[in-house]
Amino acid sequence: PTTHSWPWDISALRERLLAERTRAGHWEGELSSSALATATAVCALMIVREQDGLVRNGIRWLNEHQNSDGGFGDADDCPSNISTTTLAWATLSMHGSSAAGPAEDWLKERVGELTAESMATAISRVYGEDRTFSVPILTHCALAGRCAWEHIPALPFELAALPHASFKLVGLPVVSYALPALIAIGIAQHRHHPSRNSFRRHLRELVQGKTLRLLESLQPPSGGFLEATPLTSFVTMSLASSDLANHPVTQKGVEFLTTSVREDGSWPIDTNLSMWVTTLAVNALGADAFSLKERDYLKSWLLDQQHTVVHPYTKSAPGGWAWTDRSGGVPDGDDTSGALLALAVLGDDPEIQNAATAGVKWLLDLQNSDGGIPTFCRGWGKLPFDRSSPDLTAHALRAWQRWRMLDPCIDAAIERGVRFLLRSQQPDGSWIPLWFGNPWTLEQTNPVYGTAQVLRCEDLLPEDARQRATQFLYSIQKPNGSFGTIEDTALAVTALNDERGKSWLKEHSEFKPSPIGLYFAKLWYSEKLYPLIFAASALK
């Protein structure tokens, strides 16, 4: 109501969020520019020896966004980290930029003398047994002339020639979404540092053609694997360095990089999160924010984004939704849950019911044996992003609860999901999410996000679990009413209906996004719509 003293009212906030729609009528948002994505894209283009103008602009952008300590963070306001600084240093060194010096000094302070062995040890320490990102970083450095190949763990790309169903049995050293990197980087390793084992060398020669054909089948029409600049860059640079610069996968990768660059010379970590932010916005605003025509458009747009065939990447069955409307998206648990909740806001006609039935079944089939919901694939492995997580599970529980009448298996799935949540609740009452974190804390986790999302399950949780979670959130609330960032405060207010938190939000109309988003392998991003969407949900 306009009678209150804060600098805007809830109707103004809703109008501001509605004004962020595309001309067509959905939301696309804007991810922050990324030093890591820019460094990998520039390196790939230099190795392909194309787009000199984009290379110069990317180097200039990196020079302008180097932190004062000489290192690089993933997004503006992010502290320097070893992964991004290593990639930027390698690219800047390759180009002969003076900014490579301060980056090298930053690395030496943390790694010691920059030998191939010390770099491999330092990078591997960050990611442990998961080679999904450590090996690409070291490969990038090797291609830039900053690391020796013999110190890079080998990726057995020949395993990609096996039937897809056997992947979780052979124990791939990467997570499910990283098959393109496994193939391309493995081929580059075979080209630059072939195995001493003659049988293995011969086997890799035999299967290289088959794995390249598989890689070509996995590449979406946009050319961007997962719509992700780093992953696409790693694939592109690896193939180009292996005398495959003219291969169709390499050329489509270059096309993706040249069309996704921003005017300032930078690249974001991913093209967009259009599905994710649209479903969040619809659920935050509610049906009464839209005209009948607008609801019809949003319904049609959401239905059009539902995947209706088996996905070539993960072999995911039809029925799920990805995070983007672009062709590189892969169906996942969080976005499918968000879409199901948004469709419930927009109506309940036969079209929506048919789509919801397929989506509910897709989520049921995704549920792990531990009762939790993973991101892409059921039971793939124990590496990050393939495990069950509390925030994804809570989101699925809310979606199942809303469409409970559609499938008799939902009740049992909800019971298993709740048991998973109770087992994963931390001793302090919190839950730790998978896809969101806090780059400024020691462990870089974000229990505010995870706990707030689980608390939204409300009556599905036992009273004692809810009480412990509520006490945790109140224990970290600041005297001014906030819970940290605008995003965190809005999420906590949504879960608690806390008046002090609401008052704090009403006094902060700038809504500057914070880097709380956690992308693959702990890459931070901010999304300009998160503060608006989360605040609208908290204050509606």
# chains A, B, ... in the order shown; residues from 1 in each chain; ligands from 1
>>> select_by_dssp(residues="range 111-300 of chain A", states="strand (DSSP E or B)", output="list in words")
Ala228, Trp267, Pro268 and Asp270 of chain A
>>> write_last_selection(atoms="N, CA and C atoms", output="CSV table (one decimal), in the first residue's frame")
chain,number,residue,atom,x,y,z
A,228,ALA,N,27.0,-23.5,-22.4
A,228,ALA,CA,28.0,-23.0,-21.5
A,228,ALA,C,29.3,-22.6,-22.3
A,267,TRP,N,32.2,-12.7,-22.0
A,267,TRP,CA,31.3,-13.8,-22.2
A,267,TRP,C,30.6,-14.1,-20.8
A,268,PRO,N,29.4,-14.4,-20.8
A,268,PRO,CA,28.8,-15.0,-19.5
A,268,PRO,C,29.1,-16.4,-19.4
A,270,ASP,N,27.0,-18.8,-19.1
A,270,ASP,CA,26.0,-19.6,-19.8
A,270,ASP,C,25.1,-18.5,-20.6
>>> residues_around(residues="range 181-197 of chain A", least_positions_apart="2", cutoff="7 Å", atoms="only C-alpha atoms", output="ChimeraX atom specification")
/A:149-150,154-157,160,178-179,199-201,211,231,234-235,238-239,241-242
>>> select_by_dssp(residues="range 312-471 of chain A", states="alpha helix (DSSP H)", output="VMD selection string")
chain A and resid 333 to 346 350 to 366 390 to 402 410 to 424 447 to 455 463 to 471
>>> residues_around(residues="Asn283 in chain A", least_positions_apart="3", cutoff="7 Å", atoms="only C-alpha atoms", output="list in words")
Thr279, Leu280, Gly286, Leu341, Ala342 and Val345 of chain A
>>> residues_around(residues="Val277 in chain A", least_positions_apart="2", cutoff="10 Å", atoms="only C-alpha atoms", output="PyMOL selection string")
chain A and resi 26-30+272-275+279-283+323-324+335+338+527+529-530+533
>>> write_last_selection(atoms="N, CA and C atoms", output="PDB file, in the first residue's frame")
ATOM      1  N   HIS A  26       7.994 -13.384 -22.037  1.00  0.00           N
ATOM      2  CA  HIS A  26       8.593 -14.182 -20.961  1.00  0.00           C
ATOM      3  C   HIS A  26       9.832 -13.452 -20.450  1.00  0.00           C
ATOM      4  N   TRP A  27      10.546 -14.070 -19.541  1.00  0.00           N
ATOM      5  CA  TRP A  27      11.746 -13.455 -18.963  1.00  0.00           C
ATOM      6  C   TRP A  27      12.994 -14.170 -19.486  1.00  0.00           C
ATOM      7  N   GLU A  28      14.033 -13.401 -19.703  1.00  0.00           N
ATOM      8  CA  GLU A  28      15.313 -13.965 -20.139  1.00  0.00           C
ATOM      9  C   GLU A  28      16.409 -13.675 -19.131  1.00  0.00           C
ATOM     10  N   GLY A  29      16.321 -12.540 -18.458  1.00  0.00           N
ATOM     11  CA  GLY A  29      17.312 -12.185 -17.453  1.00  0.00           C
ATOM     12  C   GLY A  29      18.655 -11.834 -18.069  1.00  0.00           C
ATOM     13  N   GLU A  30      19.646 -11.712 -17.207  1.00  0.00           N
ATOM     14  CA  GLU A  30      21.007 -11.433 -17.682  1.00  0.00           C
ATOM     15  C   GLU A  30      22.009 -11.925 -16.649  1.00  0.00           C
ATOM     16  N   ASN A 272      21.716 -18.067 -21.086  1.00  0.00           N
ATOM     17  CA  ASN A 272      20.688 -17.468 -20.233  1.00  0.00           C
ATOM     18  C   ASN A 272      20.021 -18.545 -19.392  1.00  0.00           C
ATOM     19  N   LEU A 273      19.237 -18.103 -18.415  1.00  0.00           N
ATOM     20  CA  LEU A 273      18.440 -18.993 -17.564  1.00  0.00           C
ATOM     21  C   LEU A 273      16.961 -18.691 -17.781  1.00  0.00           C
ATOM     22  N   SER A 274      16.563 -18.583 -19.040  1.00  0.00           N
ATOM     23  CA  SER A 274      15.220 -18.073 -19.353  1.00  0.00           C
ATOM     24  C   SER A 274      14.098 -18.918 -18.749  1.00  0.00           C
ATOM     25  N   MET A 275      14.207 -20.246 -18.819  1.00  0.00           N
ATOM     26  CA  MET A 275      13.163 -21.088 -18.224  1.00  0.00           C
ATOM     27  C   MET A 275      13.121 -20.903 -16.710  1.00  0.00           C
ATOM     28  N   THR A 279       9.883 -19.230 -14.739  1.00  0.00           N
ATOM     29  CA  THR A 279       9.048 -19.970 -13.785  1.00  0.00           C
ATOM     30  C   THR A 279       9.121 -19.342 -12.401  1.00  0.00           C
ATOM     31  N   LEU A 280      10.302 -18.865 -12.005  1.00  0.00           N
ATOM     32  CA  LEU A 280      10.417 -18.180 -10.715  1.00  0.00           C
ATOM     33  C   LEU A 280       9.546 -16.934 -10.678  1.00  0.00           C
ATOM     34  N   ALA A 281       9.559 -16.170 -11.781  1.00  0.00           N
ATOM     35  CA  ALA A 281       8.782 -14.934 -11.824  1.00  0.00           C
ATOM     36  C   ALA A 281       7.280 -15.214 -11.791  1.00  0.00           C
ATOM     37  N   VAL A 282       6.835 -16.200 -12.545  1.00  0.00           N
ATOM     38  CA  VAL A 282       5.414 -16.549 -12.553  1.00  0.00           C
ATOM     39  C   VAL A 282       4.973 -16.977 -11.158  1.00  0.00           C
ATOM     40  N   ASN A 283       5.785 -17.813 -10.513  1.00  0.00           N
ATOM     41  CA  ASN A 283       5.422 -18.281  -9.174  1.00  0.00           C
ATOM     42  C   ASN A 283       5.476 -17.160  -8.143  1.00  0.00           C
ATOM     43  N   TRP A 323      16.908 -25.398 -18.080  1.00  0.00           N
ATOM     44  CA  TRP A 323      16.990 -24.051 -17.504  1.00  0.00           C
ATOM     45  C   TRP A 323      16.861 -22.940 -18.548  1.00  0.00           C
ATOM     46  N   THR A 324      16.879 -23.316 -19.819  1.00  0.00           N
ATOM     47  CA  THR A 324      16.902 -22.328 -20.894  1.00  0.00           C
ATOM     48  C   THR A 324      16.002 -22.782 -22.027  1.00  0.00           C
ATOM     49  N   ASP A 335      14.432 -27.330 -12.616  1.00  0.00           N
ATOM     50  CA  ASP A 335      13.621 -26.592 -13.590  1.00  0.00           C
ATOM     51  C   ASP A 335      12.309 -27.298 -13.907  1.00  0.00           C
ATOM     52  N   GLY A 338      10.080 -26.314 -11.061  1.00  0.00           N
ATOM     53  CA  GLY A 338       9.644 -24.929 -11.239  1.00  0.00           C
ATOM     54  C   GLY A 338       8.585 -24.794 -12.304  1.00  0.00           C
ATOM     55  N   GLU A 527      22.654 -12.968 -11.187  1.00  0.00           N
ATOM     56  CA  GLU A 527      21.580 -12.863 -12.188  1.00  0.00           C
ATOM     57  C   GLU A 527      20.751 -11.640 -11.816  1.00  0.00           C
ATOM     58  N   LEU A 529      17.880 -10.617 -12.304  1.00  0.00           N
ATOM     59  CA  LEU A 529      16.475 -10.746 -11.915  1.00  0.00           C
ATOM     60  C   LEU A 529      16.278 -11.377 -10.539  1.00  0.00           C
ATOM     61  N   TYR A 530      17.297 -12.025  -9.997  1.00  0.00           N
ATOM     62  CA  TYR A 530      17.104 -12.696  -8.709  1.00  0.00           C
ATOM     63  C   TYR A 530      16.605 -11.756  -7.608  1.00  0.00           C
ATOM     64  N   ILE A 533      12.878 -10.910  -8.339  1.00  0.00           N
ATOM     65  CA  ILE A 533      11.977 -12.066  -8.227  1.00  0.00           C
ATOM     66  C   ILE A 533      11.828 -12.506  -6.775  1.00  0.00           C
TER      67      ILE A 533
END
>>> closest_residue(among="A:Ala535, A:Ala35, A:Ala24, A:Met405", to="Leu285 in chain A", atoms="only C-alpha atoms")
A:Ala535
>>> residues_around(residues="Ala358 in chain A", least_positions_apart="4", cutoff="8 Å", atoms="only C-alpha atoms", output="list in words")
Pro318, Gly319, Gly320, Asn354 and Trp362 of chain A
>>> write_last_selection(atoms="all heavy atoms", output="compact mmCIF listing (two decimals), in the first residue's frame")
# COMPACT_ATOMS: atom_id res chain seq x y z
N PRO A 318 11.38 -38.27 -22.09
CA PRO A 318 10.56 -37.07 -22.32
C PRO A 318 9.84 -36.65 -21.05
O PRO A 318 9.61 -37.45 -20.15
CB PRO A 318 9.55 -37.53 -23.39
CG PRO A 318 10.16 -38.73 -24.02
CD PRO A 318 10.98 -39.39 -22.95
N GLY A 319 9.50 -35.35 -20.98
CA GLY A 319 8.68 -34.85 -19.88
C GLY A 319 9.32 -33.78 -19.02
O GLY A 319 8.62 -33.09 -18.28
N GLY A 320 10.63 -33.62 -19.09
CA GLY A 320 11.31 -32.66 -18.23
C GLY A 320 11.53 -31.31 -18.90
O GLY A 320 11.28 -31.13 -20.09
N ASN A 354 -1.96 -32.58 -19.15
CA ASN A 354 -1.16 -33.56 -19.88
C ASN A 354 0.33 -33.30 -19.68
O ASN A 354 1.12 -34.23 -19.46
CB ASN A 354 -1.50 -33.52 -21.37
CG ASN A 354 -2.86 -34.11 -21.68
OD1 ASN A 354 -3.37 -34.92 -20.91
ND2 ASN A 354 -3.45 -33.73 -22.79
N TRP A 362 8.30 -37.72 -14.95
CA TRP A 362 9.73 -37.52 -15.17
C TRP A 362 10.44 -37.35 -13.84
O TRP A 362 11.50 -37.94 -13.60
CB TRP A 362 9.95 -36.30 -16.06
CG TRP A 362 11.35 -36.15 -16.56
CD1 TRP A 362 11.88 -36.67 -17.70
CD2 TRP A 362 12.42 -35.45 -15.90
NE1 TRP A 362 13.21 -36.33 -17.81
CE2 TRP A 362 13.57 -35.59 -16.71
CE3 TRP A 362 12.52 -34.73 -14.72
CZ2 TRP A 362 14.80 -35.01 -16.38
CZ3 TRP A 362 13.75 -34.16 -14.38
CH2 TRP A 362 14.86 -34.30 -15.21
>>> closest_residue(among="A:Gly347, A:Gly96, A:Gly328, A:Pro163", to="Gly224 in chain A", atoms="only C-alpha atoms")
A:Gly328
>>> closest_atom_pairs(of="range 88-153 of chain A", to="range 71-77 of chain A", cutoff="10 Å", atoms="only C-alpha atoms", output="Markdown table")
| residue | atom | partner | partner_atom | distance |
| --- | --- | --- | --- | --- |
| A:Ala88 | CA | A:Phe72 | CA | 7.3 |
| A:Trp89 | CA | A:Gly71 | CA | 8.6 |
| A:Ala99 | CA | A:Gly71 | CA | 9.6 |
| A:Ala100 | CA | A:Gly71 | CA | 9.5 |
| A:Pro102 | CA | A:Gly71 | CA | 7.2 |
| A:Ala103 | CA | A:Gly71 | CA | 5.1 |
| A:Glu104 | CA | A:Gly71 | CA | 8.3 |
| A:Asp105 | CA | A:Gly71 | CA | 8.6 |
| A:Trp106 | CA | A:Gly71 | CA | 5.8 |
| A:Leu107 | CA | A:Gly71 | CA | 7.7 |
>>> atom_distance(atom1="CA of Gln425 in chain A", atom2="CA of Asn446 in chain A")
13.6 Å
>>> residues_around(residues="Ala536 in chain A", least_positions_apart="6", cutoff="7 Å", atoms="only C-alpha atoms", output="list in words")
Leu13, Arg14, Ala284 and Leu285 of chain A
